[in-house]
$ cat structure-v7.cif   # mmCIF, C-alpha atoms
data_data
#
loop_
_atom_site.label_atom_id
_atom_site.label_comp_id
_atom_site.auth_asym_id
_atom_site.auth_seq_id
_atom_site.Cartn_x
_atom_site.Cartn_y
_atom_site.Cartn_z
CA MET A 1 -138.35 45.75 -10.69
CA ALA A 2 -138.76 48.19 -7.79
CA ASN A 3 -142.13 48.23 -6.05
CA HIS A 4 -142.69 51.61 -4.36
CA THR A 5 -146.39 51.08 -3.66
CA PRO A 6 -147.64 49.01 -0.71
CA THR A 7 -149.63 46.29 -2.46
CA LEU A 8 -149.57 43.53 0.15
CA THR A 9 -151.57 43.36 3.36
CA LYS A 10 -151.41 40.59 5.95
CA GLN A 11 -154.65 39.27 4.46
CA HIS A 12 -152.91 38.82 1.10
CA LEU A 13 -150.31 36.64 2.83
CA ILE A 14 -153.04 34.57 4.49
CA ASP A 15 -154.94 34.27 1.20
CA TYR A 16 -151.78 33.05 -0.52
CA LEU A 17 -151.56 30.05 1.81
CA ALA A 18 -155.32 29.46 1.67
CA SER A 19 -155.19 29.38 -2.12
CA GLY A 20 -153.65 25.91 -1.74
CA CYS A 21 -157.00 24.48 -0.61
CA LYS A 22 -158.40 22.02 -3.13
CA PRO A 23 -161.08 19.32 -3.24
CA LYS A 24 -159.98 15.78 -2.41
CA ALA A 25 -160.38 14.71 -6.05
CA ASP A 26 -157.56 17.11 -6.93
CA TRP A 27 -155.11 16.08 -4.20
CA LYS A 28 -151.67 15.12 -5.48
CA VAL A 29 -148.31 14.21 -4.02
CA GLY A 30 -144.97 15.75 -4.89
CA THR A 31 -141.78 13.97 -3.85
CA GLU A 32 -138.32 15.50 -3.52
CA HIS A 33 -135.03 13.83 -2.80
CA GLU A 34 -131.39 14.89 -2.58
CA LYS A 35 -128.22 12.88 -3.12
CA PHE A 36 -124.46 13.28 -2.76
CA GLY A 37 -122.25 13.21 -5.85
CA PHE A 38 -118.77 11.70 -5.64
CA HIS A 39 -115.85 10.66 -7.82
CA ARG A 40 -115.64 6.88 -8.13
CA GLN A 41 -111.84 7.01 -8.13
CA ASP A 42 -111.45 8.29 -4.58
CA ASN A 43 -115.01 8.92 -3.31
CA SER A 44 -114.29 12.65 -3.00
CA PRO A 45 -117.25 15.06 -3.38
CA LEU A 46 -118.09 16.52 -6.77
CA HIS A 47 -117.39 20.23 -7.19
CA TYR A 48 -119.20 22.43 -9.67
CA ALA A 49 -116.73 23.22 -12.45
CA GLU A 50 -114.39 20.23 -12.70
CA PRO A 51 -114.23 17.24 -15.04
CA GLY A 52 -117.08 14.92 -14.10
CA GLY A 53 -118.44 17.53 -11.71
CA ILE A 54 -121.89 18.91 -11.09
CA LYS A 55 -121.90 21.23 -14.10
CA ASP A 56 -120.97 18.32 -16.38
CA ILE A 57 -123.79 16.22 -14.89
CA LEU A 58 -126.35 18.97 -15.52
CA GLN A 59 -125.00 19.59 -19.02
CA GLY A 60 -125.21 15.88 -19.86
CA LEU A 61 -128.78 15.58 -18.59
CA MET A 62 -129.76 18.63 -20.63
CA GLU A 63 -128.17 17.36 -23.84
CA GLN A 64 -129.13 13.68 -23.65
CA PHE A 65 -132.51 13.73 -21.90
CA ASN A 66 -134.19 16.91 -23.07
CA TRP A 67 -134.08 18.90 -19.83
CA GLN A 68 -134.40 22.69 -20.18
CA PRO A 69 -131.63 24.78 -18.57
CA VAL A 70 -132.00 27.41 -15.85
CA TYR A 71 -129.16 29.87 -15.36
CA GLU A 72 -128.11 32.25 -12.63
CA GLY A 73 -125.88 34.71 -14.44
CA GLU A 74 -123.58 32.53 -16.53
CA HIS A 75 -123.94 29.47 -14.31
CA LEU A 76 -126.17 26.51 -15.17
CA ILE A 77 -127.86 25.90 -11.81
CA ALA A 78 -131.05 23.91 -12.53
CA LEU A 79 -133.02 21.94 -15.12
CA GLN A 80 -136.75 21.67 -15.83
CA ARG A 81 -138.95 19.12 -17.63
CA ASP A 82 -142.57 17.99 -17.44
CA GLY A 83 -143.32 19.74 -14.15
CA CYS A 84 -140.13 18.42 -12.53
CA SER A 85 -136.97 20.31 -11.69
CA ILE A 86 -133.41 19.28 -10.90
CA THR A 87 -131.78 21.79 -8.58
CA LEU A 88 -128.59 22.16 -6.58
CA GLU A 89 -128.37 22.27 -2.81
CA PRO A 90 -125.54 24.40 -1.39
CA GLY A 91 -122.85 21.69 -1.31
CA GLY A 92 -123.70 20.29 -4.75
CA GLN A 93 -126.31 17.80 -3.56
CA LEU A 94 -128.45 17.04 -6.60
CA GLU A 95 -132.16 17.36 -5.91
CA LEU A 96 -135.10 16.10 -7.93
CA SER A 97 -138.27 18.06 -7.17
CA GLY A 98 -140.91 15.82 -8.66
CA ALA A 99 -144.12 16.92 -10.35
CA PRO A 100 -147.41 16.82 -8.40
CA LEU A 101 -148.66 13.31 -9.23
CA ALA A 102 -151.82 11.33 -8.60
CA ASP A 103 -150.31 8.33 -6.82
CA VAL A 104 -147.16 6.67 -5.50
CA HIS A 105 -146.87 4.36 -8.53
CA GLN A 106 -146.29 7.45 -10.68
CA THR A 107 -143.88 8.91 -8.12
CA CYS A 108 -141.85 5.72 -8.04
CA THR A 109 -141.65 5.61 -11.84
CA GLU A 110 -140.63 9.28 -12.00
CA THR A 111 -137.86 8.76 -9.44
CA GLY A 112 -136.65 5.55 -11.08
CA VAL A 113 -136.38 7.22 -14.49
CA HIS A 114 -134.47 10.13 -12.95
CA LEU A 115 -131.96 7.91 -11.16
CA LYS A 116 -131.35 5.92 -14.37
CA GLU A 117 -130.75 9.12 -16.33
CA VAL A 118 -128.37 10.48 -13.71
CA LYS A 119 -126.45 7.20 -13.65
CA ALA A 120 -126.25 7.14 -17.47
CA ILE A 121 -124.59 10.56 -17.41
CA ALA A 122 -122.43 10.07 -14.33
CA GLU A 123 -120.93 6.65 -15.08
CA PRO A 124 -118.92 7.61 -18.19
CA LEU A 125 -117.63 10.63 -16.24
CA GLY A 126 -116.38 8.43 -13.41
CA SER A 127 -118.94 9.93 -11.05
CA ALA A 128 -121.78 8.45 -8.97
CA PHE A 129 -124.40 9.40 -6.38
CA LEU A 130 -125.21 8.21 -2.87
CA GLY A 131 -128.44 8.50 -0.86
CA MET A 132 -127.79 9.09 2.85
CA GLY A 133 -128.78 11.70 5.40
CA PHE A 134 -125.27 13.02 6.01
CA GLN A 135 -122.12 12.94 3.90
CA PRO A 136 -120.33 9.99 5.54
CA ALA A 137 -116.71 10.82 4.68
CA ALA A 138 -116.09 14.39 3.55
CA THR A 139 -115.12 17.27 5.81
CA ARG A 140 -116.87 20.62 5.62
CA GLU A 141 -113.77 22.00 3.89
CA ASP A 142 -113.82 19.22 1.26
CA ILE A 143 -117.14 20.55 -0.09
CA ARG A 144 -117.43 23.78 -2.05
CA PHE A 145 -120.52 25.93 -2.32
CA MET A 146 -122.45 26.00 -5.58
CA PRO A 147 -122.51 29.32 -7.50
CA LYS A 148 -125.90 30.57 -6.26
CA GLY A 149 -126.29 33.99 -4.68
CA ARG A 150 -128.62 32.92 -1.89
CA TYR A 151 -126.01 30.46 -0.62
CA ASP A 152 -123.42 33.20 -0.17
CA ILE A 153 -125.88 35.09 2.02
CA MET A 154 -126.93 32.01 4.00
CA SER A 155 -123.37 30.77 4.55
CA ASN A 156 -122.32 34.12 6.03
CA TYR A 157 -125.37 34.26 8.29
CA MET A 158 -125.45 30.66 9.55
CA PRO A 159 -122.45 30.83 11.93
CA LYS A 160 -124.10 33.79 13.69
CA VAL A 161 -127.19 31.79 14.73
CA GLY A 162 -125.95 28.22 15.32
CA THR A 163 -122.94 25.92 15.15
CA LEU A 164 -124.18 23.37 12.58
CA GLY A 165 -125.80 25.49 9.86
CA LEU A 166 -122.90 25.11 7.43
CA ASP A 167 -123.06 21.34 7.90
CA MET A 168 -126.79 21.48 7.14
CA MET A 169 -126.04 23.36 3.92
CA LYS A 170 -123.09 21.29 2.72
CA ARG A 171 -123.45 17.82 4.16
CA THR A 172 -127.12 16.82 4.53
CA CYS A 173 -129.63 15.15 2.20
CA THR A 174 -133.31 14.45 2.71
CA ILE A 175 -136.40 12.93 1.14
CA GLN A 176 -139.58 15.06 1.28
CA ALA A 177 -143.21 14.54 0.40
CA ASN A 178 -145.60 17.41 -0.30
CA LEU A 179 -149.30 16.85 0.36
CA ASP A 180 -152.52 18.80 -0.16
CA PHE A 181 -155.39 19.88 2.10
CA SER A 182 -159.04 20.72 1.42
CA ASP A 183 -159.58 23.66 3.76
CA GLU A 184 -158.13 25.34 6.85
CA ALA A 185 -159.48 22.76 9.31
CA ASP A 186 -158.09 19.90 7.19
CA MET A 187 -154.72 21.68 6.99
CA VAL A 188 -154.57 22.09 10.76
CA LYS A 189 -155.45 18.45 11.44
CA LYS A 190 -152.86 17.21 8.92
CA PHE A 191 -150.25 19.65 10.23
CA ARG A 192 -150.71 18.45 13.81
CA VAL A 193 -150.65 14.76 12.94
CA SER A 194 -147.64 14.99 10.64
CA LEU A 195 -145.69 17.24 13.03
CA ALA A 196 -146.34 14.91 15.97
CA LEU A 197 -145.37 11.82 13.95
CA GLN A 198 -142.40 13.32 12.13
CA PRO A 199 -139.91 11.86 14.67
CA LEU A 200 -141.30 8.39 13.87
CA ALA A 201 -140.51 8.96 10.21
CA THR A 202 -137.07 10.22 11.22
CA ALA A 203 -136.49 6.94 13.07
CA LEU A 204 -137.71 4.73 10.20
CA PHE A 205 -135.56 6.57 7.65
CA ALA A 206 -132.54 7.10 9.95
CA ASN A 207 -129.51 6.82 7.69
CA SER A 208 -126.69 9.09 8.86
CA PRO A 209 -124.45 7.36 11.40
CA PHE A 210 -121.06 8.58 10.10
CA THR A 211 -119.15 11.85 10.18
CA GLU A 212 -115.82 12.13 8.37
CA GLY A 213 -115.44 8.36 8.29
CA GLN A 214 -116.17 7.84 12.00
CA ASP A 215 -119.18 6.48 13.88
CA ASN A 216 -120.88 9.65 15.16
CA GLY A 217 -123.12 7.95 17.74
CA PHE A 218 -126.36 9.03 16.03
CA VAL A 219 -128.76 7.17 13.78
CA SER A 220 -129.88 10.43 12.15
CA TYR A 221 -127.12 12.97 12.46
CA ARG A 222 -128.94 14.96 9.78
CA SER A 223 -131.90 15.36 12.12
CA HIS A 224 -129.61 16.34 15.00
CA ILE A 225 -128.02 19.06 12.87
CA TRP A 226 -131.32 20.93 12.63
CA THR A 227 -131.36 21.31 16.44
CA ASP A 228 -128.41 23.73 16.25
CA THR A 229 -128.86 25.39 12.86
CA ASP A 230 -131.07 28.40 13.60
CA ALA A 231 -133.64 28.38 16.41
CA ASP A 232 -135.61 31.18 14.72
CA ARG A 233 -136.59 28.98 11.78
CA CYS A 234 -136.32 25.32 12.86
CA GLY A 235 -137.95 22.91 15.30
CA ILE A 236 -141.39 21.63 16.22
CA ILE A 237 -143.18 25.06 16.25
CA PRO A 238 -145.39 24.46 19.33
CA PHE A 239 -148.14 26.90 18.26
CA VAL A 240 -149.35 24.31 15.71
CA PHE A 241 -150.84 22.33 18.62
CA GLU A 242 -152.47 25.37 20.25
CA ALA A 243 -156.01 26.68 19.90
CA GLY A 244 -156.23 29.30 17.17
CA MET A 245 -153.87 27.50 14.77
CA GLY A 246 -154.68 28.33 11.16
CA PHE A 247 -153.33 30.14 8.12
CA GLU A 248 -153.14 33.46 9.99
CA ARG A 249 -151.17 31.95 12.88
CA TYR A 250 -148.61 30.52 10.45
CA VAL A 251 -148.36 33.91 8.70
CA ASP A 252 -147.62 35.52 12.09
CA TYR A 253 -144.86 32.95 12.64
CA MET A 254 -143.35 33.58 9.21
CA LEU A 255 -143.45 37.35 9.70
CA ASP A 256 -141.28 36.80 12.78
CA VAL A 257 -138.78 34.53 10.97
CA PRO A 258 -135.80 36.75 10.05
CA MET A 259 -135.26 37.23 6.33
CA TYR A 260 -132.33 35.95 4.29
CA PHE A 261 -132.59 37.87 1.02
CA VAL A 262 -134.64 39.77 -1.52
CA TYR A 263 -134.35 38.78 -5.18
CA ARG A 264 -134.26 41.76 -7.57
CA ASN A 265 -133.21 41.95 -11.23
CA GLY A 266 -131.42 38.59 -11.15
CA GLN A 267 -129.51 39.45 -7.97
CA TYR A 268 -129.85 38.33 -4.36
CA ILE A 269 -129.80 41.32 -2.00
CA ASN A 270 -128.58 40.46 1.49
CA ALA A 271 -131.38 41.01 4.00
CA ALA A 272 -130.13 38.43 6.52
CA GLY A 273 -131.63 38.98 9.95
CA LEU A 274 -133.99 41.76 8.79
CA SER A 275 -137.76 41.80 9.29
CA PHE A 276 -140.44 41.02 6.70
CA ARG A 277 -142.77 43.13 8.86
CA ASP A 278 -140.49 46.12 8.22
CA PHE A 279 -140.45 45.24 4.51
CA MET A 280 -144.28 45.36 4.54
CA GLN A 281 -144.03 48.95 5.80
CA GLY A 282 -141.38 50.04 3.29
CA LYS A 283 -138.75 50.16 6.03
CA LEU A 284 -136.32 47.45 4.91
CA SER A 285 -132.90 49.04 5.38
CA VAL A 286 -131.38 47.44 2.27
CA LEU A 287 -134.32 48.54 0.07
CA PRO A 288 -135.66 51.71 1.69
CA GLY A 289 -139.05 52.79 0.37
CA GLU A 290 -139.64 49.48 -1.42
CA TYR A 291 -142.45 47.08 -0.61
CA PRO A 292 -142.61 43.30 -1.06
CA THR A 293 -144.39 41.49 -3.86
CA ILE A 294 -146.18 38.15 -3.46
CA LYS A 295 -143.06 36.56 -5.01
CA ASP A 296 -141.00 37.95 -2.11
CA TRP A 297 -143.44 36.29 0.29
CA GLU A 298 -143.18 33.04 -1.66
CA ASP A 299 -139.37 33.23 -1.39
CA HIS A 300 -139.54 34.04 2.31
CA LEU A 301 -141.70 30.96 3.00
CA THR A 302 -138.82 28.78 1.73
CA THR A 303 -136.43 30.17 4.35
CA ALA A 304 -138.08 28.54 7.38
CA PHE A 305 -137.09 24.94 8.15
CA PRO A 306 -139.54 23.42 10.66
CA GLU A 307 -140.10 19.67 10.66
CA VAL A 308 -143.31 20.25 8.69
CA ARG A 309 -143.51 23.37 6.50
CA LEU A 310 -146.62 25.08 5.18
CA LYS A 311 -146.75 26.61 1.72
CA LYS A 312 -149.75 26.00 -0.56
CA PHE A 313 -149.26 22.41 0.61
CA LEU A 314 -147.63 20.67 3.58
CA GLU A 315 -144.02 19.50 3.32
CA MET A 316 -142.90 16.46 5.33
CA ARG A 317 -139.26 17.19 6.24
CA GLY A 318 -138.18 14.51 8.74
CA ALA A 319 -136.54 11.82 6.60
CA ASP A 320 -132.89 11.13 5.79
CA GLY A 321 -131.85 10.53 2.19
CA GLY A 322 -131.79 6.92 1.07
CA PRO A 323 -132.16 4.44 -1.78
CA TRP A 324 -134.86 4.39 -4.45
CA ARG A 325 -137.18 2.06 -2.52
CA ARG A 326 -137.28 4.46 0.47
CA ILE A 327 -137.80 7.46 -1.82
CA CYS A 328 -140.98 5.65 -2.89
CA ALA A 329 -141.83 4.74 0.71
CA LEU A 330 -141.98 8.28 2.09
CA PRO A 331 -144.94 9.58 0.05
CA ALA A 332 -146.68 6.22 0.59
CA LEU A 333 -146.32 6.54 4.37
CA TRP A 334 -147.85 10.02 4.50
CA ILE A 335 -150.54 9.50 1.86
CA GLY A 336 -151.86 6.49 3.74
CA LEU A 337 -152.03 8.50 6.96
CA LEU A 338 -153.24 11.86 5.72
CA TYR A 339 -155.38 11.21 2.62
CA ASP A 340 -157.79 8.68 4.17
CA GLN A 341 -160.16 10.46 6.55
CA GLN A 342 -160.62 7.46 8.83
CA GLN A 343 -156.87 6.97 9.32
CA LEU A 344 -156.30 10.70 9.74
CA ASP A 345 -158.98 10.83 12.43
CA LYS A 346 -157.46 7.80 14.21
CA ALA A 347 -154.00 9.36 14.10
CA TYR A 348 -155.37 12.69 15.34
CA ASP A 349 -157.07 11.02 18.30
CA TRP A 350 -153.89 9.06 19.01
CA ILE A 351 -151.63 12.11 19.26
CA SER A 352 -154.18 14.49 20.77
CA ASP A 353 -152.99 14.12 24.38
CA TRP A 354 -149.26 14.19 23.67
CA THR A 355 -147.75 17.05 25.63
CA LEU A 356 -145.36 19.67 24.32
CA ALA A 357 -142.64 18.16 26.53
CA GLU A 358 -143.28 14.77 24.89
CA HIS A 359 -143.09 16.24 21.38
CA GLN A 360 -139.79 17.85 22.33
CA HIS A 361 -138.53 14.63 23.93
CA LEU A 362 -139.12 12.74 20.67
CA ARG A 363 -137.48 15.51 18.65
CA ASN A 364 -134.40 15.49 20.92
CA GLU A 365 -133.92 11.76 21.43
CA VAL A 366 -134.84 10.11 18.11
CA PRO A 367 -131.78 11.42 16.21
CA ARG A 368 -129.58 9.50 18.66
CA LEU A 369 -131.69 6.50 19.68
CA GLY A 370 -134.05 6.05 16.72
CA LEU A 371 -136.59 3.26 17.19
CA ASP A 372 -135.18 2.55 20.66
CA THR A 373 -136.32 5.92 22.01
CA THR A 374 -138.65 5.53 25.00
CA PHE A 375 -142.09 7.15 24.86
CA ARG A 376 -144.38 6.73 27.86
CA ASP A 377 -144.32 2.97 28.47
CA GLN A 378 -143.36 2.07 24.90
CA LYS A 379 -140.56 2.39 22.38
CA VAL A 380 -140.74 4.49 19.22
CA ARG A 381 -140.60 1.17 17.39
CA ASP A 382 -144.06 0.35 18.82
CA LEU A 383 -145.36 3.73 17.71
CA ALA A 384 -143.86 3.24 14.25
CA LEU A 385 -145.55 -0.14 13.88
CA TYR A 386 -148.91 1.44 14.68
CA MET A 387 -148.22 4.34 12.33
CA LEU A 388 -147.43 1.88 9.54
CA SER A 389 -150.61 -0.11 10.23
CA LEU A 390 -152.71 3.06 9.88
CA SER A 391 -150.89 4.05 6.69
CA ARG A 392 -151.31 0.59 5.22
CA GLN A 393 -155.06 0.66 5.88
CA GLY A 394 -155.31 4.06 4.23
CA LEU A 395 -153.42 2.93 1.14
CA GLU A 396 -155.41 -0.29 0.84
CA GLU A 397 -158.62 1.73 1.13
CA ARG A 398 -157.45 4.03 -1.68
CA ALA A 399 -157.01 0.87 -3.77
CA ILE A 400 -155.03 2.58 -6.54
CA LYS A 401 -153.49 -0.32 -8.47
CA SER A 402 -150.30 -0.54 -10.49
CA PRO A 403 -150.31 -2.24 -13.92
CA CYS A 404 -149.31 -5.38 -11.95
CA GLY A 405 -152.46 -5.11 -9.82
CA LYS A 406 -150.69 -4.05 -6.59
CA ASP A 407 -151.96 -1.17 -4.46
CA GLU A 408 -149.69 1.53 -3.03
CA SER A 409 -149.19 -0.30 0.27
CA ILE A 410 -146.42 -2.33 -1.44
CA TYR A 411 -144.17 0.72 -1.04
CA LEU A 412 -144.33 0.43 2.75
CA GLU A 413 -142.45 -2.88 2.73
CA PRO A 414 -138.96 -1.43 3.31
CA LEU A 415 -140.30 0.49 6.32
CA GLN A 416 -142.19 -2.54 7.61
CA ILE A 417 -138.96 -4.56 7.59
CA ILE A 418 -137.17 -1.78 9.50
CA ALA A 419 -139.93 -1.60 12.11
CA ASP A 420 -140.35 -5.39 12.39
CA THR A 421 -136.62 -5.96 12.92
CA ALA A 422 -136.12 -2.78 14.98
CA VAL A 423 -132.95 -2.13 12.97
CA THR A 424 -132.67 1.22 11.20
CA PRO A 425 -130.65 1.66 7.99
CA ALA A 426 -128.10 3.56 10.10
CA GLU A 427 -127.64 0.65 12.49
CA ARG A 428 -127.30 -1.78 9.59
CA LYS A 429 -124.49 0.32 8.15
CA ARG A 430 -122.92 0.79 11.58
CA GLY A 431 -122.81 -2.97 12.06
CA LYS A 432 -120.99 -3.42 8.74
CA TYR A 433 -118.62 -0.55 9.57
CA HIS A 434 -117.53 -2.15 12.82
CA GLY A 435 -117.50 -5.61 11.21
CA VAL A 436 -116.75 -6.54 7.60
CA TRP A 437 -115.81 -2.99 6.52
CA GLN A 438 -113.14 -2.81 9.23
CA LYS A 439 -113.97 0.85 9.93
CA LYS A 440 -113.36 1.89 6.32
CA MET A 441 -115.73 4.03 4.23
CA ASP A 442 -114.84 2.82 0.72
CA PRO A 443 -117.12 -0.26 0.91
CA LEU A 444 -120.06 1.99 1.79
CA PHE A 445 -119.68 3.97 -1.43
CA ASP A 446 -119.28 0.76 -3.43
CA VAL A 447 -122.33 -0.96 -1.95
CA TYR A 448 -124.80 1.93 -1.61
CA ALA A 449 -124.23 4.10 -4.70
CA TYR A 450 -127.35 4.38 -6.89
#
$ encode --input "structure-v7.cif" --output "structure tokens"
Amino acid sequence: MANHTPTLTKQHLIDYLASGCKPKADWKVGTEHEKFGFHRQDNSPLHYAEPGGIKDILQGLMEQFNWQPVYEGEHLIALQRDGCSITLEPGGQLELSGAPLADVHQTCTETGVHLKEVKAIAEPLGSAFLGMGFQPAATREDIRFMPKGRYDIMSNYMPKVGTLGLDMMKRTCTIQANLDFSDEADMVKKFRVSLALQPLATALFANSPFTEGQDNGFVSYRSHIWTDTDADRCGIIPFVFEAGMGFERYVDYMLDVPMYFVYRNGQYINAAGLSFRDFMQGKLSVLPGEYPTIKDWEDHLTTAFPEVRLKKFLEMRGADGGPWRRICALPALWIGLLYDQQQLDKAYDWISDWTLAEHQHLRNEVPRLGLDTTFRDQKVRDLALYMLSLSRQGLEERAIKSPCGKDESIYLEPLQIIADTAVTPAERKRGKYHGVWQKKMDPLFDVYAY
């Protein structure tokens, strides 16, 4: 519905972000993960409308497991149930956006149930899913876009602002954790700590060493892709570490991020490259005389892709896709660091003298070198071990027990093994590729499918 009256001020945009503040007793964690679908017969990617394809998977989940459908036009594009949603990334990557939950035990159960349901639908169709950071075998041309209007707009715009944006859309998968804050000062402290330490998470979760069946020389090619996707909306956003950081400073940043679209009457209107500031003044060329609603602002916030993203919560965006145990590990890692005040303060003191050049060095080098990246007189592996020790202390202090009597620190074990051995998941796969797999991709799909 057209909005011809200016109803939003900059303060409304600031207040929207600030409305995420909540007391510690109400803090939750939401976990998201994406995965690649493929045909078991030949490991080719799943398209939307084909036998055993993405539409069939969604339809099966809806019919057998009581998910509610979401349509865009005539196309089934998402499912909802119990505060969770299953959505489609541009290349057909299936994403579970989990409900905000009280602890990692609940998150792990939620994710486990989802993966079992997906497998129950996919197996009879001859389909399966894989958790990695980058599609290891398929070319860009092998993968078709899903029937969502925003992806048409994005796919036309991406080649104008970077060389790898289409690969980001079609061939990457991630795990994310969304965490709360109590007030503006708490948000800023958590933002700085998580942004500084995001490359360490990238190293621990590094799981994308292959491109089109070849060793690509990276441990996290997914992370590398973001360095040449769109400089206007990606990266380490240096202002987070500067004096004056707060909700207003992030609003200023987002007002300078070029728009992608405006959603009106079930249609995506192409606003790629246009200014939300102009929109605020009724001067958007594709909708002259119209003004944005708070929903337009909410949509616009989803179109920036920094390593940590602020909405009404903070999104941790540095991890490659991976198996169930690492989907559980990501929220555990960040909860332990950010939800225990003592550990948060320690981490904040630890990173407080890191320079902008050092932040950028980590961001540039970790995708290639992972835990072996040099930082001052140490390796990232050493930093990751310390990060894990802080997280473990935070989780043990929380002392939230499973029915088996274990606290949430049990979910750090896969990451502890990676840090202790200094071997990332990517390097483990690379070793098999050059050894027992004889440079073939088929064994990877056989071994690592969910």
$ atom_distance --input "structure-v7.cif" --atom1 "atom CA of A:Asp299" --atom2 "atom CA of A:Thr163"
24.4 Å
$ resolve_selection --input "structure-v7.cif" --expression "the PyMOL selection byres ((chain A and resi 282) around 12)" --output "MDAnalysis selection string"
chainID A and resid 2:8 275:281 283:293
$ write_last_selection --input "structure-v7.cif" --atoms "C-alpha atoms" --output "tab-separated table (two decimals), in the frame of the given file"
chain	number	residue	atom	x	y	z
A	2	ALA	CA	-138.76	48.19	-7.79
A	3	ASN	CA	-142.13	48.23	-6.05
A	4	HIS	CA	-142.69	51.61	-4.36
A	5	THR	CA	-146.39	51.08	-3.66
A	6	PRO	CA	-147.64	49.01	-0.71
A	7	THR	CA	-149.63	46.29	-2.46
A	8	LEU	CA	-149.57	43.53	0.15
A	275	SER	CA	-137.76	41.80	9.29
A	276	PHE	CA	-140.44	41.02	6.70
A	277	ARG	CA	-142.77	43.13	8.86
A	278	ASP	CA	-140.49	46.12	8.22
A	279	PHE	CA	-140.45	45.24	4.51
A	280	MET	CA	-144.28	45.36	4.54
A	281	GLN	CA	-144.03	48.95	5.80
A	283	LYS	CA	-138.75	50.16	6.03
A	284	LEU	CA	-136.32	47.45	4.91
A	285	SER	CA	-132.90	49.04	5.38
A	286	VAL	CA	-131.38	47.44	2.27
A	287	LEU	CA	-134.32	48.54	0.07
A	288	PRO	CA	-135.66	51.71	1.69
A	289	GLY	CA	-139.05	52.79	0.37
A	290	GLU	CA	-139.64	49.48	-1.42
A	291	TYR	CA	-142.45	47.08	-0.61
A	292	PRO	CA	-142.61	43.30	-1.06
A	293	THR	CA	-144.39	41.49	-3.86
$ closest_atom_pairs --input "structure-v7.cif" --of "stretch 287-339 of chain A" --to "stretch 361-367 of chain A" --cutoff "12 Å" --atoms "only C-alpha atoms" --output "tab-separated table"
residue	atom	partner	partner_atom	distance
A:Pro306	CA	A:Arg363	CA	11.4
A:Glu307	CA	A:Arg363	CA	9.4
A:Gly318	CA	A:Arg363	CA	10.0
A:Ala319	CA	A:Pro367	CA	10.7
A:Asp320	CA	A:Pro367	CA	10.5
$ resolve_selection --input "structure-v7.cif" --expression "the PyMOL selection byres ((chain A and resi 139-152) around 8)" --output "list of chain:residue names"
A:Ser44, A:Pro45, A:Leu46, A:His47, A:Tyr48, A:Glu72, A:His75, A:Ile77, A:Leu88, A:Glu89, A:Pro90, A:Gly91, A:Gly92, A:Ala137, A:Ala138, A:Ile153, A:Met154, A:Ser155, A:Asn156, A:Leu166, A:Asp167, A:Lys170, A:Arg171, A:Glu212, A:Tyr260, A:Phe261, A:Gln267, A:Tyr268
$ residues_around --input "structure-v7.cif" --residues "stretch 401-418 of chain A" --least-positions-apart "2" --cutoff "8 Å" --atoms "all atoms listed in the file" --output "ChimeraX atom specification"
/A:103-105,204-205,325-326,328-329,332-333,385,388,391-392,395-396,399,420-425
$ resolve_selection --input "structure-v7.cif" --expression "the PyMOL selection byres ((chain A and resi 445) around 12)" --output "PyMOL selection string"
chain A and resi 36-45+127-132+135-137+213+429+433+437+440-444+446-450
$ residues_near_point --input "structure-v7.cif" --point "(-119.2, 10.9, -16.2)" --cutoff "10 Å" --atoms "all atoms listed in the file" --output "JSON, numbers by chain"
{"A": [39, 40, 51, 52, 53, 54, 56, 57, 60, 118, 119, 120, 121, 122, 123, 124, 125, 126, 127, 128]}
